[in-house]
>>> print(open('upload36.cif').read())   # mmCIF, C-alpha atoms
data_input
loop_
_atom_site.label_atom_id
_atom_site.label_comp_id
_atom_site.auth_asym_id
_atom_site.auth_seq_id
_atom_site.Cartn_x
_atom_site.Cartn_y
_atom_site.Cartn_z
CA LEU A 107 -8.54 33.13 -32.89
CA VAL A 108 -5.98 35.57 -31.48
CA ALA A 109 -7.83 35.67 -28.15
CA GLY A 110 -7.83 31.87 -28.03
CA ILE A 111 -4.08 31.70 -28.67
CA LYS A 112 -3.38 34.40 -26.08
CA SER A 113 -5.60 32.65 -23.55
CA GLU A 114 -3.78 29.36 -24.03
CA LEU A 115 -0.43 31.12 -23.73
CA GLY A 116 -1.61 32.66 -20.47
CA ARG A 117 -2.50 29.21 -19.12
CA VAL A 118 0.95 27.94 -20.07
CA TYR A 119 2.57 30.83 -18.17
CA MET A 120 0.32 30.06 -15.17
CA ALA A 121 1.41 26.42 -15.19
CA GLN A 122 5.03 27.59 -15.25
CA GLY A 123 4.48 29.94 -12.31
CA LYS A 124 5.18 32.99 -14.50
CA TYR A 125 2.30 35.05 -13.14
CA GLU A 126 3.26 38.47 -14.54
CA GLU A 127 3.41 37.04 -18.06
CA ALA A 128 0.16 35.18 -17.49
CA MET A 129 -1.50 38.37 -16.29
CA ARG A 130 -0.35 40.30 -19.35
CA GLU A 131 -1.87 37.72 -21.71
CA MET A 132 -5.10 37.22 -19.74
CA ARG A 133 -5.77 40.96 -19.43
CA LEU A 134 -5.22 41.38 -23.14
CA VAL A 135 -7.71 38.57 -23.85
CA MET A 136 -10.25 40.16 -21.50
CA HIS A 137 -10.01 43.57 -23.22
CA MET A 138 -10.13 42.01 -26.71
CA LEU A 139 -13.27 40.03 -25.90
CA ALA A 140 -14.96 42.99 -24.21
CA ALA A 141 -14.32 45.10 -27.31
CA ASN A 142 -15.32 42.45 -29.87
CA LYS A 143 -17.99 40.40 -28.11
CA GLY A 144 -19.35 42.89 -25.60
CA GLU A 145 -19.06 43.41 -21.84
CA THR A 146 -21.83 40.90 -21.01
CA HIS A 147 -20.75 38.12 -23.37
CA PRO A 148 -20.03 34.77 -21.64
CA MET A 149 -16.52 34.65 -23.10
CA THR A 150 -15.78 38.06 -21.54
CA ALA A 151 -16.94 36.79 -18.16
CA ASP A 152 -14.74 33.70 -18.60
CA ALA A 153 -11.76 35.93 -19.34
CA MET A 154 -12.50 38.03 -16.25
CA ASP A 155 -12.50 34.93 -14.08
CA GLN A 156 -9.18 33.86 -15.62
CA VAL A 157 -7.66 37.23 -14.70
CA GLY A 158 -9.07 36.76 -11.21
CA LEU A 159 -7.41 33.36 -10.88
CA VAL A 160 -4.04 34.86 -11.84
CA LEU A 161 -4.55 37.59 -9.25
CA GLN A 162 -5.23 34.90 -6.66
CA ALA A 163 -2.04 33.09 -7.64
CA GLN A 164 -0.18 36.37 -7.07
CA GLY A 165 -1.76 36.75 -3.65
CA ARG A 166 -3.72 39.84 -4.78
CA HIS A 167 -6.99 38.59 -3.34
CA ASN A 168 -8.72 41.97 -2.97
CA ALA A 169 -8.33 42.67 -6.67
CA ALA A 170 -9.41 39.11 -7.46
CA VAL A 171 -12.62 39.53 -5.47
CA GLU A 172 -13.47 42.68 -7.41
CA ILE A 173 -13.04 41.10 -10.83
CA HIS A 174 -14.84 37.87 -9.87
CA LEU A 175 -17.77 40.01 -8.71
CA HIS A 176 -17.86 41.66 -12.14
CA ALA A 177 -17.84 38.24 -13.82
CA LEU A 178 -20.60 36.98 -11.53
CA ALA A 179 -22.77 40.02 -12.26
CA ARG A 180 -22.43 39.50 -16.02
CA ARG A 181 -23.27 35.81 -15.77
CA GLU A 182 -26.31 36.47 -13.60
CA VAL A 183 -27.61 39.07 -16.06
CA ARG A 184 -27.00 36.80 -19.04
CA PHE A 185 -28.06 33.41 -17.64
CA GLY A 186 -29.92 34.07 -14.38
CA VAL A 187 -28.95 33.85 -10.73
CA ASP A 188 -29.68 30.10 -10.54
CA SER A 189 -27.63 29.12 -13.58
CA ALA A 190 -24.65 26.78 -13.81
CA GLU A 191 -22.67 29.67 -15.27
CA ALA A 192 -23.33 31.80 -12.18
CA ALA A 193 -22.23 28.88 -9.99
CA MET A 194 -18.83 28.93 -11.72
CA SER A 195 -18.22 32.52 -10.68
CA LEU A 196 -19.49 31.82 -7.17
CA LEU A 197 -16.77 29.19 -6.74
CA ASN A 198 -14.06 31.55 -7.97
CA LEU A 199 -15.35 34.35 -5.75
CA ALA A 200 -15.41 32.04 -2.74
CA SER A 201 -11.81 31.06 -3.36
CA ALA A 202 -10.75 34.70 -3.50
CA LYS A 203 -12.67 35.46 -0.30
CA GLU A 204 -10.82 32.63 1.43
CA GLY A 205 -7.58 34.21 0.27
CA GLU A 206 -8.67 37.41 2.05
CA GLY A 207 -9.36 35.39 5.18
CA GLN A 208 -13.13 35.92 4.83
CA HIS A 209 -13.93 32.27 5.50
CA PHE A 210 -17.49 32.75 6.75
CA GLU A 211 -18.42 34.76 3.66
CA ALA A 212 -16.69 32.19 1.47
CA MET A 213 -18.73 29.44 3.12
CA SER A 214 -21.94 31.32 2.36
CA LEU A 215 -20.92 31.65 -1.28
CA ARG A 216 -20.09 27.95 -1.52
CA GLN A 217 -23.40 27.05 0.13
CA ARG A 218 -25.20 29.20 -2.43
CA CYS A 219 -23.22 27.43 -5.16
CA VAL A 220 -24.38 24.02 -3.85
CA GLU A 221 -27.99 25.20 -3.80
CA VAL A 222 -27.78 26.63 -7.33
CA THR A 223 -26.12 23.48 -8.62
CA ARG A 224 -28.70 21.18 -7.04
CA THR A 225 -31.47 23.30 -8.57
CA TYR A 226 -29.92 23.37 -12.03
CA TRP A 227 -28.55 19.83 -12.44
CA PRO A 228 -30.26 16.46 -11.90
CA GLU A 229 -29.42 14.36 -8.86
CA GLY A 230 -26.08 12.58 -9.17
CA HIS A 231 -24.60 15.08 -11.65
CA PRO A 232 -20.80 15.60 -11.43
CA GLU A 233 -21.26 19.37 -10.99
CA ILE A 234 -23.05 18.65 -7.71
CA ALA A 235 -20.05 16.60 -6.59
CA GLN A 236 -17.70 19.48 -7.38
CA ALA A 237 -19.87 21.96 -5.49
CA LEU A 238 -19.95 19.61 -2.49
CA ILE A 239 -16.16 19.31 -2.58
CA GLY A 240 -15.86 23.09 -2.45
CA MET A 241 -18.35 23.29 0.41
CA ALA A 242 -16.44 20.60 2.30
CA ALA A 243 -13.23 22.62 1.94
CA SER A 244 -14.90 25.62 3.59
CA ASN A 245 -16.38 23.51 6.37
CA LYS A 246 -12.98 21.97 7.06
CA LYS A 247 -11.45 25.43 7.45
CA GLN A 248 -14.19 26.25 9.95
CA TYR A 249 -13.41 23.00 11.85
CA HIS A 250 -16.78 21.50 10.90
CA PHE A 251 -15.13 18.15 10.23
CA ALA A 252 -18.21 15.92 10.49
CA THR A 253 -20.08 18.10 7.98
CA ALA A 254 -17.10 18.19 5.64
CA ARG A 255 -16.77 14.41 5.80
CA LYS A 256 -20.48 13.97 5.02
CA GLU A 257 -20.23 16.25 1.98
CA LEU A 258 -17.11 14.47 0.73
CA HIS A 259 -18.73 11.06 1.14
CA GLU A 260 -21.70 12.24 -0.96
CA ALA A 261 -19.33 13.59 -3.61
CA TYR A 262 -17.37 10.32 -3.49
CA GLN A 263 -20.51 8.26 -4.06
CA ILE A 264 -21.60 10.44 -6.98
CA LEU A 265 -18.21 10.08 -8.67
CA VAL A 266 -17.96 6.33 -8.05
CA ASN A 267 -21.43 5.84 -9.53
CA LEU A 268 -20.45 7.88 -12.58
CA HIS A 269 -16.87 6.77 -13.20
CA GLY A 270 -16.07 3.72 -11.06
CA ASN A 271 -13.80 3.54 -8.03
CA THR A 272 -10.49 3.92 -9.90
CA HIS A 273 -11.17 7.30 -11.51
CA PRO A 274 -8.73 10.18 -10.81
CA GLN A 275 -11.53 12.36 -9.40
CA VAL A 276 -12.29 9.60 -6.90
CA ALA A 277 -8.62 9.69 -5.89
CA VAL A 278 -8.90 13.44 -5.30
CA VAL A 279 -11.87 12.98 -2.95
CA LEU A 280 -10.04 10.23 -1.07
CA GLY A 281 -7.15 12.65 -0.61
CA LEU A 282 -9.52 15.31 0.72
CA LEU A 283 -11.05 12.81 3.14
CA ALA A 284 -7.51 12.07 4.28
CA THR A 285 -6.91 15.74 5.09
CA VAL A 286 -10.09 15.80 7.20
CA ALA A 287 -8.87 12.73 9.10
CA GLU A 288 -5.50 14.47 9.55
CA GLU A 289 -7.15 17.54 11.07
CA GLU A 290 -9.03 15.27 13.47
CA GLY A 291 -5.79 13.56 14.47
CA ASP A 292 -6.83 10.18 13.05
CA PHE A 293 -3.48 9.55 11.39
CA ASP A 294 -4.05 5.84 10.72
CA ALA A 295 -7.18 6.60 8.69
CA CYS A 296 -5.40 9.52 7.04
CA ILE A 297 -2.47 7.39 5.87
CA LEU A 298 -4.79 4.65 4.59
CA LEU A 299 -6.87 7.13 2.57
CA HIS A 300 -3.73 8.74 1.08
CA GLN A 301 -2.42 5.28 0.13
CA GLN A 302 -5.71 4.48 -1.61
CA SER A 303 -5.54 7.79 -3.47
CA LEU A 304 -1.91 7.20 -4.46
CA SER A 305 -2.72 3.68 -5.67
CA ILE A 306 -5.47 4.97 -7.98
CA LYS A 307 -3.26 7.72 -9.38
CA THR A 308 -0.34 5.33 -9.94
CA GLN A 309 -2.59 2.84 -11.66
CA ARG A 310 -4.09 5.50 -13.91
CA PHE A 311 -1.07 7.72 -14.64
CA GLY A 312 2.07 5.74 -13.79
CA LYS A 313 4.70 6.43 -11.13
CA LYS A 314 6.11 9.68 -12.55
CA HIS A 315 2.96 11.75 -13.16
CA TYR A 316 2.63 15.12 -11.43
CA ALA A 317 -0.71 14.07 -9.91
CA LEU A 318 1.26 11.84 -7.53
CA ALA A 319 3.35 14.71 -6.16
CA THR A 320 0.51 16.30 -4.18
CA THR A 321 -0.35 13.00 -2.50
CA LEU A 322 3.29 12.34 -1.64
CA VAL A 323 3.61 15.80 -0.08
CA ASN A 324 0.44 15.26 1.95
CA MET A 325 1.74 11.90 3.15
CA ALA A 326 5.03 13.54 4.12
CA ARG A 327 3.21 16.13 6.19
CA VAL A 328 1.49 13.38 8.17
CA ARG A 329 4.81 11.63 8.75
CA GLU A 330 6.24 14.91 10.04
CA LYS A 331 3.43 15.14 12.57
CA LEU A 332 4.31 11.62 13.67
CA HIS A 333 7.98 12.74 14.00
CA ASP A 334 9.05 10.31 11.29
CA ASP A 335 11.29 12.84 9.54
CA ASP A 336 13.34 10.26 7.64
CA THR A 337 10.26 8.93 5.82
CA ALA A 338 8.98 12.47 5.34
CA VAL A 339 12.21 13.52 3.60
CA GLU A 340 12.06 10.48 1.32
CA LEU A 341 8.46 11.26 0.35
CA ARG A 342 9.21 14.94 -0.29
CA LEU A 343 12.28 14.09 -2.37
CA SER A 344 10.16 11.75 -4.49
CA ALA A 345 7.59 14.52 -4.97
CA LEU A 346 10.40 16.95 -5.87
CA GLU A 347 11.78 14.71 -8.61
CA ILE A 348 8.31 14.21 -10.10
CA THR A 349 7.68 17.96 -10.00
CA LYS A 350 10.98 18.77 -11.69
CA ALA A 351 10.26 16.26 -14.45
CA SER A 352 6.70 17.51 -14.92
CA LEU A 353 7.00 21.29 -14.53
CA GLY A 354 10.68 21.94 -15.15
CA GLU A 355 13.55 22.53 -12.73
CA GLU A 356 12.98 26.29 -12.56
CA HIS A 357 9.28 26.26 -11.63
CA ALA A 358 8.04 28.13 -8.55
CA GLN A 359 6.58 24.92 -7.13
CA VAL A 360 10.06 23.36 -7.19
CA ALA A 361 11.27 26.23 -4.99
CA VAL A 362 8.39 25.63 -2.56
CA MET A 363 9.35 21.97 -2.29
CA LEU A 364 13.03 22.77 -1.81
CA ASN A 365 12.15 25.09 1.06
CA ASN A 366 9.95 22.45 2.69
CA ILE A 367 12.69 19.81 2.50
CA ALA A 368 15.14 22.35 3.92
CA VAL A 369 12.90 22.79 6.97
CA LEU A 370 13.07 19.05 7.59
CA GLU A 371 16.82 18.95 7.11
CA ALA A 372 17.23 21.79 9.59
CA ARG A 373 15.03 19.93 12.05
CA ARG A 374 17.47 17.03 11.74
CA ASN A 375 20.34 19.51 12.40
CA ASN A 376 21.57 19.20 8.80
CA TYR A 377 21.99 22.97 8.49
CA ALA A 378 24.52 22.89 5.66
CA ARG A 379 22.24 20.69 3.54
CA ALA A 380 19.26 22.89 4.40
CA SER A 381 21.17 26.01 3.34
CA GLU A 382 22.09 24.40 0.04
CA LEU A 383 18.43 23.64 -0.68
CA VAL A 384 17.26 27.14 0.20
CA GLN A 385 19.97 28.66 -2.02
CA GLN A 386 18.53 26.65 -4.90
CA ALA A 387 15.06 27.98 -4.01
CA VAL A 388 16.38 31.57 -3.98
CA ALA A 389 17.83 31.16 -7.47
CA ILE A 390 14.53 29.81 -8.81
CA ASP A 391 12.35 32.44 -7.15
CA GLU A 392 14.61 35.28 -8.34
CA LEU A 393 14.23 33.93 -11.87
CA VAL A 394 10.46 33.41 -11.64
CA PHE A 395 9.39 36.46 -9.61
CA GLY A 396 12.34 38.83 -9.90
CA PRO A 397 15.00 39.66 -7.28
CA LYS A 398 12.80 42.11 -5.32
CA HIS A 399 9.73 39.92 -4.81
CA PRO A 400 8.42 39.13 -1.28
CA GLN A 401 8.87 35.42 -1.94
CA VAL A 402 12.59 36.01 -2.48
CA ALA A 403 12.64 37.89 0.83
CA ALA A 404 11.03 34.88 2.52
CA ASP A 405 13.73 32.62 1.09
CA LEU A 406 16.49 34.99 2.21
CA ASN A 407 14.97 35.15 5.68
CA THR A 408 15.11 31.36 5.93
CA LEU A 409 18.67 31.33 4.63
CA ALA A 410 19.66 33.96 7.18
CA THR A 411 18.22 31.89 10.01
CA LEU A 412 20.17 28.84 8.84
CA ALA A 413 23.36 30.89 8.58
CA PHE A 414 22.86 32.06 12.15
CA HIS A 415 22.48 28.45 13.35
CA CYS A 416 25.73 27.62 11.56
CA GLY A 417 27.49 30.40 13.46
CA GLU A 418 27.84 32.62 10.37
CA LYS A 419 26.41 35.72 12.02
CA HIS A 420 27.80 38.28 9.60
CA LEU A 421 26.39 36.36 6.63
CA SER A 422 23.12 36.11 8.54
CA ARG A 423 23.08 39.88 8.98
CA GLN A 424 23.64 40.46 5.26
CA LEU A 425 20.81 38.11 4.33
CA TYR A 426 18.41 39.60 6.89
CA GLU A 427 19.26 43.06 5.53
CA ARG A 428 18.44 41.99 1.99
CA ALA A 429 15.14 40.45 3.13
CA PHE A 430 14.25 43.58 5.10
CA HIS A 431 14.95 45.96 2.20
CA ILE A 432 12.93 43.84 -0.24
CA ARG A 433 9.96 43.69 2.11
CA ARG A 434 10.21 47.39 2.94
CA HIS A 435 10.21 48.25 -0.77
CA SER A 436 7.47 45.82 -1.84
CA LEU A 437 5.22 45.65 1.22
CA GLY A 438 5.85 48.93 3.08
CA ASP A 439 7.15 49.72 6.56
CA ASP A 440 3.89 48.85 8.33
CA HIS A 441 3.48 45.35 6.95
CA GLU A 442 3.87 42.60 9.57
CA ARG A 443 6.48 40.78 7.48
CA THR A 444 8.56 43.93 7.14
CA LYS A 445 8.40 44.40 10.90
CA ALA A 446 9.39 40.75 11.41
CA SER A 447 12.42 41.24 9.14
CA LYS A 448 13.44 44.36 11.08
CA LYS A 449 13.16 42.43 14.34
CA ASN A 450 15.31 39.59 12.98
CA LEU A 451 17.91 42.05 11.74
CA ASP A 452 18.02 43.89 15.07
CA LEU A 453 18.45 40.61 16.97
CA VAL A 454 21.42 39.44 14.90
CA LEU A 455 23.00 42.91 15.06
CA SER A 456 22.73 42.90 18.84
CA GLN A 457 24.31 39.43 18.93
CA ILE A 458 27.20 40.59 16.75
CA GLU A 459 27.71 43.64 18.99
CA ALA A 460 27.72 41.40 22.07
CA ASP A 461 30.31 39.11 20.48
CA ASP A 462 32.48 42.11 19.54
CA ALA A 463 32.29 43.40 23.11
CA LEU A 464 33.56 40.06 24.42
CA ASP A 465 36.48 40.18 22.02
#
>>> encode(input="upload36.cif", output="structure tokens")
Amino acid sequence: LVAGIKSELGRVYMAQGKYEEAMREMRLVMHMLAANKGETHPMTADAMDQVGLVLQAQGRHNAAVEIHLHALARREVRFGVDSAEAAMSLLNLASAKEGEGQHFEAMSLRQRCVEVTRTYWPEGHPEIAQALIGMAASNKKQYHFATARKELHEAYQILVNLHGNTHPQVAVVLGLLATVAEEEGDFDACILLHQQSLSIKTQRFGKKHYALATTLVNMARVREKLHDDDTAVELRLSALEITKASLGEEHAQVAVMLNNIAVLEARRNNYARASELVQQAVAIDELVFGPKHPQVAADLNTLATLAFHCGEKHLSRQLYERAFHIRRHSLGDDHERTKASKKNLDLVLSQIEADDALD
């Protein structure tokens, strides 16, 4: 009972973007289940995978790979290598491998997952559709667009046969097909597929459900590629309001959206408005991650760039310095982002020195 409550609390923290708190609860659940149920119990493997998913959310993909491997080994011993339970861990492991940039290895894992799923479940089972969706994602990352589209169409047909053509999972597949069309540069098809997905979600959930936010953001990205920034801003603002209402105004995803809108505003030369949005993102990320987190440094770096464009070079220097010290402390001197911060700081310092020399 305690493990169940702790596990649910961990999921709540995950949904809120509070990853440290989620990790604390999930690790506790994992140790409790290992002690009470045994190292090879299915619930222990489930808890391991949950810890792995939190690690992925934190960007700690190497650690996630290790723990997903442990979960996979336990499931294979308990249920067999061709079991549905093993397939679950294969998907999680593939996701972590992608986070490491090991896309070829991730594709192999997803292919194995498809094979296991087809062996275990009858033709037309929803688990096969989910495995195909994962495989399509890997193929898209490898630029195998025709293969990805074929896999998504098969998944689409399975889900339509099972649930009808207005089911939310059907909307998800339509959205994924849209991203394939986007990668191929077929923006007309992409927009049409996103509109179909949005229509299904609106019909099923209403106009204010969080499920709509992802589609709106994807539609905005396409409009940006078409240089229709005005429409893109409107779409992203709509997604922002839905996200605030659904997740709360101090959620990490809200900060991500604020930063993305700021980029668009800067592209339209609205630097003051962009700075205002990034400042809001900084406040949220400091609250969610703490003031010395790399994400805060990324926000400060953006804010410093905007300050420089506004002619506030001394403010820019201060912000670049803060970003540099955070990255140096959290990532180390040799990390590429730390080096990038040092380069930015040196550039603005040289500009200030040049201005002082002219005076």
>>> closest_residue(input="upload36.cif", among="A:Ala403, A:Val394, A:Tyr377, A:Glu211", to="Cys416 (chain A)", atoms="only C-alpha atoms")
A:Tyr377
>>> atom_distance(input="upload36.cif", atom1="CA of Thr320 (chain A)", atom2="CA of Gly123 (chain A)")
16.4 Å
>>> resolve_selection(input="upload36.cif", expression="the PyMOL selection byres ((chain A and resi 362-371) around 9)", output="count of residues only")
32
>>> closest_residue(input="upload36.cif", among="A:His174, A:His300, A:Arg327, A:Arg216", to="Ser195 (chain A)", atoms="all atoms listed in the file")
A:His174
>>> atom_distance(input="upload36.cif", atom1="CA of Glu459 (chain A)", atom2="CA of Asp440 (chain A)")
26.6 Å
>>> closest_residue(input="upload36.cif", among="A:Ala261, A:Ala121, A:Thr253, A:Gln302", to="Glu356 (chain A)", atoms="all atoms listed in the file")
A:Ala121
>>> atom_distance(input="upload36.cif", atom1="CA of Leu298 (chain A)", atom2="CA of Ala284 (chain A)")
7.9 Å
>>> residues_around(input="upload36.cif", residues="Pro148 (chain A)", least_positions_apart="3", cutoff="7 Å", atoms="all atoms listed in the file", output="VMD selection string")
chain A and resid 151 to 152 181
>>> resolve_selection(input="upload36.cif", expression="the PyMOL selection byres ((chain A and resi 436) around 8)", output="list in words")
Lys398, His399, Pro400, Ile432, Arg433, Arg434, His435, Leu437 and Gly438 of chain A
>>> resolve_selection(input="upload36.cif", expression="the PyMOL selection byres ((chain A and resi 420) around 12)", output="tab-separated table (two decimals) with C-alpha atoms, in the coordinates of the input")
chain	number	residue	atom	x	y	z
A	410	ALA	CA	19.66	33.96	7.18
A	411	THR	CA	18.22	31.89	10.01
A	413	ALA	CA	23.36	30.89	8.58
A	414	PHE	CA	22.86	32.06	12.15
A	415	HIS	CA	22.48	28.45	13.35
A	416	CYS	CA	25.73	27.62	11.56
A	417	GLY	CA	27.49	30.40	13.46
A	418	GLU	CA	27.84	32.62	10.37
A	419	LYS	CA	26.41	35.72	12.02
A	421	LEU	CA	26.39	36.36	6.63
A	422	SER	CA	23.12	36.11	8.54
A	423	ARG	CA	23.08	39.88	8.98
A	424	GLN	CA	23.64	40.46	5.26
A	425	LEU	CA	20.81	38.11	4.33
A	426	TYR	CA	18.41	39.60	6.89
A	427	GLU	CA	19.26	43.06	5.53
A	451	LEU	CA	17.91	42.05	11.74
A	454	VAL	CA	21.42	39.44	14.90
A	455	LEU	CA	23.00	42.91	15.06
A	456	SER	CA	22.73	42.90	18.84
A	457	GLN	CA	24.31	39.43	18.93
A	458	ILE	CA	27.20	40.59	16.75
A	459	GLU	CA	27.71	43.64	18.99
A	461	ASP	CA	30.31	39.11	20.48
A	462	ASP	CA	32.48	42.11	19.54
>>> closest_residue(input="upload36.cif", among="A:Cys219, A:Val388, A:Leu161, A:Ala128", to="Ala404 (chain A)", atoms="only C-alpha atoms")
A:Val388
>>> residues_around(input="upload36.cif", residues="Arg255 (chain A)", least_positions_apart="5", cutoff="10 Å", atoms="only C-alpha atoms", output="PDB file with C-alpha atoms, in the frame of the given file")
ATOM      1  CA  ILE A 239     -16.160  19.310  -2.580  1.00  0.00           C
ATOM      2  CA  ALA A 242     -16.440  20.600   2.300  1.00  0.00           C
ATOM      3  CA  ALA A 243     -13.230  22.620   1.940  1.00  0.00           C
ATOM      4  CA  ASN A 245     -16.380  23.510   6.370  1.00  0.00           C
ATOM      5  CA  LYS A 246     -12.980  21.970   7.060  1.00  0.00           C
ATOM      6  CA  HIS A 250     -16.780  21.500  10.900  1.00  0.00           C
ATOM      7  CA  GLU A 260     -21.700  12.240  -0.960  1.00  0.00           C
ATOM      8  CA  ALA A 261     -19.330  13.590  -3.610  1.00  0.00           C
ATOM      9  CA  LEU A 282      -9.520  15.310   0.720  1.00  0.00           C
ATOM     10  CA  LEU A 283     -11.050  12.810   3.140  1.00  0.00           C
ATOM     11  CA  ALA A 284      -7.510  12.070   4.280  1.00  0.00           C
ATOM     12  CA  THR A 285      -6.910  15.740   5.090  1.00  0.00           C
ATOM     13  CA  VAL A 286     -10.090  15.800   7.200  1.00  0.00           C
ATOM     14  CA  ALA A 287      -8.870  12.730   9.100  1.00  0.00           C
TER      15      ALA A 287
END
>>> closest_residue(input="upload36.cif", among="A:Ala463, A:Ala277, A:Leu322, A:Ala235", to="Gln309 (chain A)", atoms="only C-alpha atoms")
A:Ala277
>>> residues_around(input="upload36.cif", residues="Ile234 (chain A)", least_positions_apart="4", cutoff="9 Å", atoms="all atoms listed in the file", output="MDAnalysis selection string")
chainID A and resid 220 223:224 227:230 238:239 261 264
>>> residues_near_point(input="upload36.cif", point="(-18.7, 37.4, -21.5)", cutoff="10 Å", atoms="all atoms listed in the file", output="PDB file with C-alpha atoms, keeping the file's coordinate frame")
ATOM      1  CA  MET A 136     -10.250  40.160 -21.500  1.00  0.00           C
ATOM      2  CA  LEU A 139     -13.270  40.030 -25.900  1.00  0.00           C
ATOM      3  CA  ALA A 140     -14.960  42.990 -24.210  1.00  0.00           C
ATOM      4  CA  LYS A 143     -17.990  40.400 -28.110  1.00  0.00           C
ATOM      5  CA  GLY A 144     -19.350  42.890 -25.600  1.00  0.00           C
ATOM      6  CA  GLU A 145     -19.060  43.410 -21.840  1.00  0.00           C
ATOM      7  CA  THR A 146     -21.830  40.900 -21.010  1.00  0.00           C
ATOM      8  CA  HIS A 147     -20.750  38.120 -23.370  1.00  0.00           C
ATOM      9  CA  PRO A 148     -20.030  34.770 -21.640  1.00  0.00           C
ATOM     10  CA  MET A 149     -16.520  34.650 -23.100  1.00  0.00           C
ATOM     11  CA  THR A 150     -15.780  38.060 -21.540  1.00  0.00           C
ATOM     12  CA  ALA A 151     -16.940  36.790 -18.160  1.00  0.00           C
ATOM     13  CA  ASP A 152     -14.740  33.700 -18.600  1.00  0.00           C
ATOM     14  CA  ALA A 153     -11.760  35.930 -19.340  1.00  0.00           C
ATOM     15  CA  MET A 154     -12.500  38.030 -16.250  1.00  0.00           C
ATOM     16  CA  ASP A 155     -12.500  34.930 -14.080  1.00  0.00           C
ATOM     17  CA  ALA A 177     -17.840  38.240 -13.820  1.00  0.00           C
ATOM     18  CA  ARG A 180     -22.430  39.500 -16.020  1.00  0.00           C
ATOM     19  CA  ARG A 181     -23.270  35.810 -15.770  1.00  0.00           C
ATOM     20  CA  ARG A 184     -27.000  36.800 -19.040  1.00  0.00           C
TER      21      ARG A 184
END
>>> closest_residue(input="upload36.cif", among="A:Phe293, A:Phe210, A:Tyr125, A:Tyr119", to="Gly396 (chain A)", atoms="all atoms listed in the file")
A:Tyr125
>>> residues_around(input="upload36.cif", residues="Ala202 (chain A)", least_positions_apart="5", cutoff="7 Å", atoms="all atoms listed in the file", output="PDB file with C-alpha atoms, in the coordinates of the input")
ATOM      1  CA  GLN A 162      -5.230  34.900  -6.660  1.00  0.00           C
ATOM      2  CA  HIS A 167      -6.990  38.590  -3.340  1.00  0.00           C
ATOM      3  CA  ALA A 170      -9.410  39.110  -7.460  1.00  0.00           C
ATOM      4  CA  VAL A 171     -12.620  39.530  -5.470  1.00  0.00           C
TER       5      VAL A 171
END
>>> axis_aligned_box(input="upload36.cif", around="region 109-116 of chain A", padding_each_side="4 Å", output="lines of an AutoDock Vina configuration file")
center_x = -4.1
center_y = 32.5
center_z = -24.6
size_x = 15.4
size_y = 14.3
size_z = 16.2
>>> decode(input="upload36.cif", residues="region 335-346 of chain A", atoms="N, CA and C atoms", output="mmCIF file, in the first residue's frame")
data_model
loop_
_atom_site.group_PDB
_atom_site.id
_atom_site.type_symbol
_atom_site.label_atom_id
_atom_site.label_comp_id
_atom_site.auth_asym_id
_atom_site.auth_seq_id
_atom_site.Cartn_x
_atom_site.Cartn_y
_atom_site.Cartn_z
ATOM 1 N N ASP A 335 5.223 33.870 -39.100
ATOM 2 C CA ASP A 335 5.476 34.004 -37.664
ATOM 3 C C ASP A 335 4.260 34.503 -36.893
ATOM 4 N N ASP A 336 3.438 35.322 -37.506
ATOM 5 C CA ASP A 336 2.253 35.836 -36.816
ATOM 6 C C ASP A 336 1.321 34.687 -36.409
ATOM 7 N N THR A 337 1.047 33.788 -37.356
ATOM 8 C CA THR A 337 0.194 32.631 -37.050
ATOM 9 C C THR A 337 0.876 31.714 -36.043
ATOM 10 N N ALA A 338 2.192 31.562 -36.189
ATOM 11 C CA ALA A 338 2.943 30.703 -35.270
ATOM 12 C C ALA A 338 2.836 31.208 -33.833
ATOM 13 N N VAL A 339 2.957 32.517 -33.648
ATOM 14 C CA VAL A 339 2.839 33.092 -32.297
ATOM 15 C C VAL A 339 1.445 32.838 -31.736
ATOM 16 N N GLU A 340 0.421 33.041 -32.547
ATOM 17 C CA GLU A 340 -0.950 32.807 -32.094
ATOM 18 C C GLU A 340 -1.143 31.361 -31.655
ATOM 19 N N LEU A 341 -0.625 30.427 -32.429
ATOM 20 C CA LEU A 341 -0.759 29.007 -32.095
ATOM 21 C C LEU A 341 -0.010 28.680 -30.802
ATOM 22 N N ARG A 342 1.195 29.218 -30.659
ATOM 23 C CA ARG A 342 1.981 28.930 -29.455
ATOM 24 C C ARG A 342 1.359 29.580 -28.217
ATOM 25 N N LEU A 343 0.779 30.748 -28.371
ATOM 26 C CA LEU A 343 0.098 31.388 -27.241
ATOM 27 C C LEU A 343 -1.117 30.573 -26.814
ATOM 28 N N SER A 344 -1.841 30.025 -27.778
ATOM 29 C CA SER A 344 -2.987 29.167 -27.450
ATOM 30 C C SER A 344 -2.521 27.932 -26.688
ATOM 31 N N ALA A 345 -1.421 27.330 -27.166
ATOM 32 C CA ALA A 345 -0.871 26.154 -26.485
ATOM 33 C C ALA A 345 -0.402 26.507 -25.080
ATOM 34 N N LEU A 346 0.179 27.703 -24.919
ATOM 35 C CA LEU A 346 0.652 28.155 -23.609
ATOM 36 C C LEU A 346 -0.491 28.278 -22.622
#
